[in-house]
Amino acid sequence: MIFNYSGQNWTMELTLDNFQRKMQCCGWTSPDDWSENIAIRNSSLSLYSCSCRNESLPGPIIRHFGLCEHLSADPPVYETGCMSKVEKWFLHNSGVILGFWVGVAFVELLGMILSICLCKNVNVDVEDYAEVQAQ
């Protein structure tokens, strides 16, 4: 996705921009991932992803999507990649995620047990009804 990013696709690219901005990260492993981008590589300007912009650093007006130009030697971007942020988020929320899936499994198991009991009772009732009909 970073490789073909143009800043003009309003579906996946906007999702990537929002993710990088909210998680305060840049690229998957590091900001260097953006050097593989076709638009950045083929441009004569020094470009970076606007959504990577570290708002605590001084610089021009902040845009939240697309590609921005930087005039300094280093772009004013977050230094950490999004992979480490995702890992931290999963580790921080693993208890909630695990609890959710244990709850889903419990409800599924309870449904199976109740359906087995229902089938067993329906079968008994049918046999009793057949005996009453025969008499």
# chains A, B, ... in the order shown; residues from 1 in each chain; ligands from 1
call {"tool": "residues_around", "arguments": {"residues": "Pro58 (chain A)", "least_positions_apart": "5", "cutoff": "12 Å", "atoms": "only C-alpha atoms", "output": "ChimeraX atom specification"}}
result
/A:53,70-72,75-77
call {"tool": "residues_around", "arguments": {"residues": "Ser49 (chain A)", "least_positions_apart": "5", "cutoff": "7 Å", "atoms": "only C-alpha atoms", "output": "MDAnalysis selection string"}}
result
chainID A and resid 66:68
call {"tool": "closest_residue", "arguments": {"among": "A:Asn4, A:Thr80, A:Ser94, A:Asn18", "to": "Cys50 (chain A)", "atoms": "only C-alpha atoms"}}
result
A:Asn18
call {"tool": "residues_around", "arguments": {"residues": "region 23-25 of chain A", "least_positions_apart": "3", "cutoff": "8 Å", "atoms": "only C-alpha atoms", "output": "PyMOL selection string"}}
result
chain A and resi 19-20+52+54+78-82+85
call {"tool": "write_last_selection", "arguments": {"atoms": "C-alpha atoms", "output": "PDB file, in the first residue's frame"}}
result
ATOM      1  CA  PHE A  19      -4.047   4.951  11.200  1.00  0.00           C
ATOM      2  CA  GLN A  20      -0.612   6.595  11.057  1.00  0.00           C
ATOM      3  CA  CYS A  52       3.418  10.790   9.459  1.00  0.00           C
ATOM      4  CA  ASN A  54       5.011  14.687  14.127  1.00  0.00           C
ATOM      5  CA  TYR A  78       7.374  10.030  13.777  1.00  0.00           C
ATOM      6  CA  GLU A  79      10.413   7.793  14.125  1.00  0.00           C
ATOM      7  CA  THR A  80       8.655   4.568  15.109  1.00  0.00           C
ATOM      8  CA  GLY A  81       7.035   2.198  12.639  1.00  0.00           C
ATOM      9  CA  CYS A  82       3.417   1.139  12.921  1.00  0.00           C
ATOM     10  CA  LYS A  85       2.576   0.257  17.731  1.00  0.00           C
TER      11      LYS A  85
END
call {"tool": "closest_residue", "arguments": {"among": "A:Phe100, A:Asp17, A:His92, A:Leu110", "to": "Arg63 (chain A)", "atoms": "only C-alpha atoms"}}
result
A:Asp17
call {"tool": "atom_distance", "arguments": {"atom1": "CA of Tyr48 (chain A)", "atom2": "CA of Ser35 (chain A)"}}
result
8.5 Å
call {"tool": "closest_residue", "arguments": {"among": "A:Ser51, A:Ala39, A:Met12, A:Leu45", "to": "Gly27 (chain A)", "atoms": "only C-alpha atoms"}}
result
A:Ser51
call {"tool": "residues_around", "arguments": {"residues": "Asp33 (chain A)", "least_positions_apart": "4", "cutoff": "10 Å", "atoms": "only C-alpha atoms", "output": "short mmCIF file (atom, residue, chain, number, x, y, z; two decimals) with all heavy atoms, in the first residue's frame"}}
result
data_model
loop_
_atom_site.label_atom_id
_atom_site.label_comp_id
_atom_site.auth_asym_id
_atom_site.auth_seq_id
_atom_site.Cartn_x
_atom_site.Cartn_y
_atom_site.Cartn_z
N ILE A 2 1.93 1.24 0.77
CA ILE A 2 2.83 2.39 0.81
C ILE A 2 3.50 2.58 -0.55
O ILE A 2 3.68 3.71 -1.00
CB ILE A 2 3.88 2.22 1.93
CG1 ILE A 2 3.21 2.35 3.30
CG2 ILE A 2 5.01 3.23 1.80
CD1 ILE A 2 4.12 2.06 4.47
N PHE A 3 3.82 1.48 -1.21
CA PHE A 3 4.52 1.53 -2.49
C PHE A 3 3.73 2.32 -3.54
O PHE A 3 4.29 3.12 -4.27
CB PHE A 3 4.78 0.10 -2.97
CG PHE A 3 5.54 0.03 -4.26
CD1 PHE A 3 6.90 0.29 -4.30
CD2 PHE A 3 4.89 -0.30 -5.43
CE1 PHE A 3 7.60 0.22 -5.49
CE2 PHE A 3 5.59 -0.37 -6.63
CZ PHE A 3 6.94 -0.11 -6.66
N CYS A 26 4.95 5.88 11.62
CA CYS A 26 5.23 6.18 10.22
C CYS A 26 5.81 4.95 9.54
O CYS A 26 6.83 4.41 9.99
CB CYS A 26 6.21 7.34 10.12
SG CYS A 26 6.42 7.95 8.44
N GLY A 27 5.16 4.50 8.46
CA GLY A 27 5.61 3.30 7.76
C GLY A 27 5.27 2.06 8.56
O GLY A 27 4.72 2.14 9.66
N TRP A 28 5.58 0.90 8.01
CA TRP A 28 5.29 -0.34 8.75
C TRP A 28 6.40 -0.63 9.75
O TRP A 28 6.15 -0.82 10.92
CB TRP A 28 5.08 -1.50 7.79
CG TRP A 28 4.73 -2.77 8.49
CD1 TRP A 28 5.43 -3.93 8.47
CD2 TRP A 28 3.59 -3.03 9.34
NE1 TRP A 28 4.81 -4.89 9.25
CE2 TRP A 28 3.68 -4.35 9.79
CE3 TRP A 28 2.51 -2.25 9.76
CZ2 TRP A 28 2.73 -4.93 10.64
CZ3 TRP A 28 1.57 -2.82 10.60
CH2 TRP A 28 1.68 -4.14 11.03
N THR A 29 7.66 -0.63 9.28
CA THR A 29 8.76 -0.89 10.21
C THR A 29 9.45 0.40 10.65
O THR A 29 9.93 0.49 11.76
CB THR A 29 9.81 -1.83 9.56
OG1 THR A 29 10.25 -1.26 8.33
CG2 THR A 29 9.23 -3.19 9.31
N ASN A 37 8.16 4.40 -1.99
CA ASN A 37 6.98 4.92 -2.67
C ASN A 37 7.34 5.47 -4.05
O ASN A 37 8.31 6.20 -4.19
CB ASN A 37 6.33 6.01 -1.80
CG ASN A 37 5.13 6.62 -2.45
OD1 ASN A 37 5.26 7.57 -3.21
ND2 ASN A 37 3.96 6.08 -2.16
N GLY A 81 7.90 2.82 13.63
CA GLY A 81 7.03 2.20 12.64
C GLY A 81 5.73 1.74 13.27
O GLY A 81 5.62 1.59 14.49
#
call {"tool": "atom_distance", "arguments": {"atom1": "CA of Lys22 (chain A)", "atom2": "CA of Phe65 (chain A)"}}
result
12.3 Å
call {"tool": "select_by_dssp", "arguments": {"residues": "region 43-135 of chain A", "states": "helix (DSSP H, G or I)", "output": "JSON, numbers by chain"}}
result
{"A": [50, 51, 52, 82, 83, 84, 85, 86, 87, 88, 89, 90, 91, 92, 93, 94, 95, 96, 97, 98, 99, 100, 101, 102, 103, 104, 105, 106, 107, 108, 109, 110, 111, 112, 113, 114, 115, 116, 117, 118, 119, 120, 121, 122, 123, 124, 125, 126, 127, 128, 129, 130, 131, 132, 133, 134]}
call {"tool": "select_by_dssp", "arguments": {"residues": "region 5-78 of chain A", "states": "strand (DSSP E or B)", "output": "PyMOL selection string"}}
result
chain A and resi 47-49+53+67-69+77
call {"tool": "write_last_selection", "arguments": {"atoms": "all heavy atoms", "output": "CSV table (one decimal), in the first residue's frame"}}
result
chain,number,residue,atom,x,y,z
A,47,LEU,N,9.7,14.8,-0.4
A,47,LEU,CA,8.4,14.5,0.0
A,47,LEU,C,8.3,13.5,1.2
A,47,LEU,O,9.3,12.7,1.3
A,47,LEU,CB,7.5,14.0,-1.1
A,47,LEU,CG,7.4,14.9,-2.3
A,47,LEU,CD1,6.6,14.2,-3.4
A,47,LEU,CD2,6.7,16.2,-1.9
A,48,TYR,N,7.3,13.6,2.0
A,48,TYR,CA,7.0,12.6,3.0
A,48,TYR,C,5.5,12.5,3.1
A,48,TYR,O,4.8,13.3,2.7
A,48,TYR,CB,7.7,12.9,4.3
A,48,TYR,CG,7.1,14.2,5.0
A,48,TYR,CD1,6.1,14.1,5.9
A,48,TYR,CD2,7.6,15.5,4.6
A,48,TYR,CE1,5.6,15.3,6.5
A,48,TYR,CE2,7.1,16.6,5.2
A,48,TYR,CZ,6.1,16.5,6.2
A,48,TYR,OH,5.6,17.6,6.7
A,49,SER,N,5.0,11.4,3.8
A,49,SER,CA,3.6,11.3,4.0
A,49,SER,C,3.1,12.3,5.1
A,49,SER,O,3.7,12.3,6.2
A,49,SER,CB,3.3,9.8,4.5
A,49,SER,OG,2.0,9.7,4.9
A,53,ARG,N,3.4,13.1,9.9
A,53,ARG,CA,3.9,14.4,10.5
A,53,ARG,C,3.8,14.4,12.0
A,53,ARG,O,2.8,14.2,12.6
A,53,ARG,CB,3.1,15.6,9.9
A,53,ARG,CG,3.4,16.9,10.5
A,53,ARG,CD,4.6,17.6,9.9
A,53,ARG,NE,4.6,19.0,10.1
A,53,ARG,CZ,5.0,19.6,11.2
A,53,ARG,NH1,5.4,18.9,12.2
A,53,ARG,NH2,5.0,20.9,11.3
A,67,LEU,N,0.8,13.8,0.3
A,67,LEU,CA,2.3,13.9,0.4
A,67,LEU,C,2.6,15.4,0.6
A,67,LEU,O,2.1,16.2,0.0
A,67,LEU,CB,3.0,13.4,-0.8
A,67,LEU,CG,2.7,11.9,-1.1
A,67,LEU,CD1,3.3,11.5,-2.5
A,67,LEU,CD2,3.3,11.0,0.0
A,68,CYS,N,3.5,15.6,1.6
A,68,CYS,CA,4.0,17.0,1.9
A,68,CYS,C,5.4,17.1,1.6
A,68,CYS,O,6.2,16.2,1.6
A,68,CYS,CB,3.8,17.2,3.4
A,68,CYS,SG,2.0,17.2,3.9
A,69,GLU,N,5.8,18.3,1.3
A,69,GLU,CA,7.2,18.6,1.1
A,69,GLU,C,7.9,19.1,2.3
A,69,GLU,O,7.3,19.9,3.1
A,69,GLU,CB,7.3,19.7,0.0
A,69,GLU,CG,8.7,20.1,-0.4
A,69,GLU,CD,8.8,21.1,-1.5
A,69,GLU,OE1,7.8,21.7,-1.9
A,69,GLU,OE2,9.9,21.4,-1.9
A,77,VAL,N,8.8,13.7,10.9
A,77,VAL,CA,7.9,12.6,11.0
A,77,VAL,C,8.2,11.8,12.3
A,77,VAL,O,9.2,11.9,12.9
A,77,VAL,CB,8.0,11.7,9.8
A,77,VAL,CG1,7.6,12.4,8.5
A,77,VAL,CG2,9.4,11.1,9.7
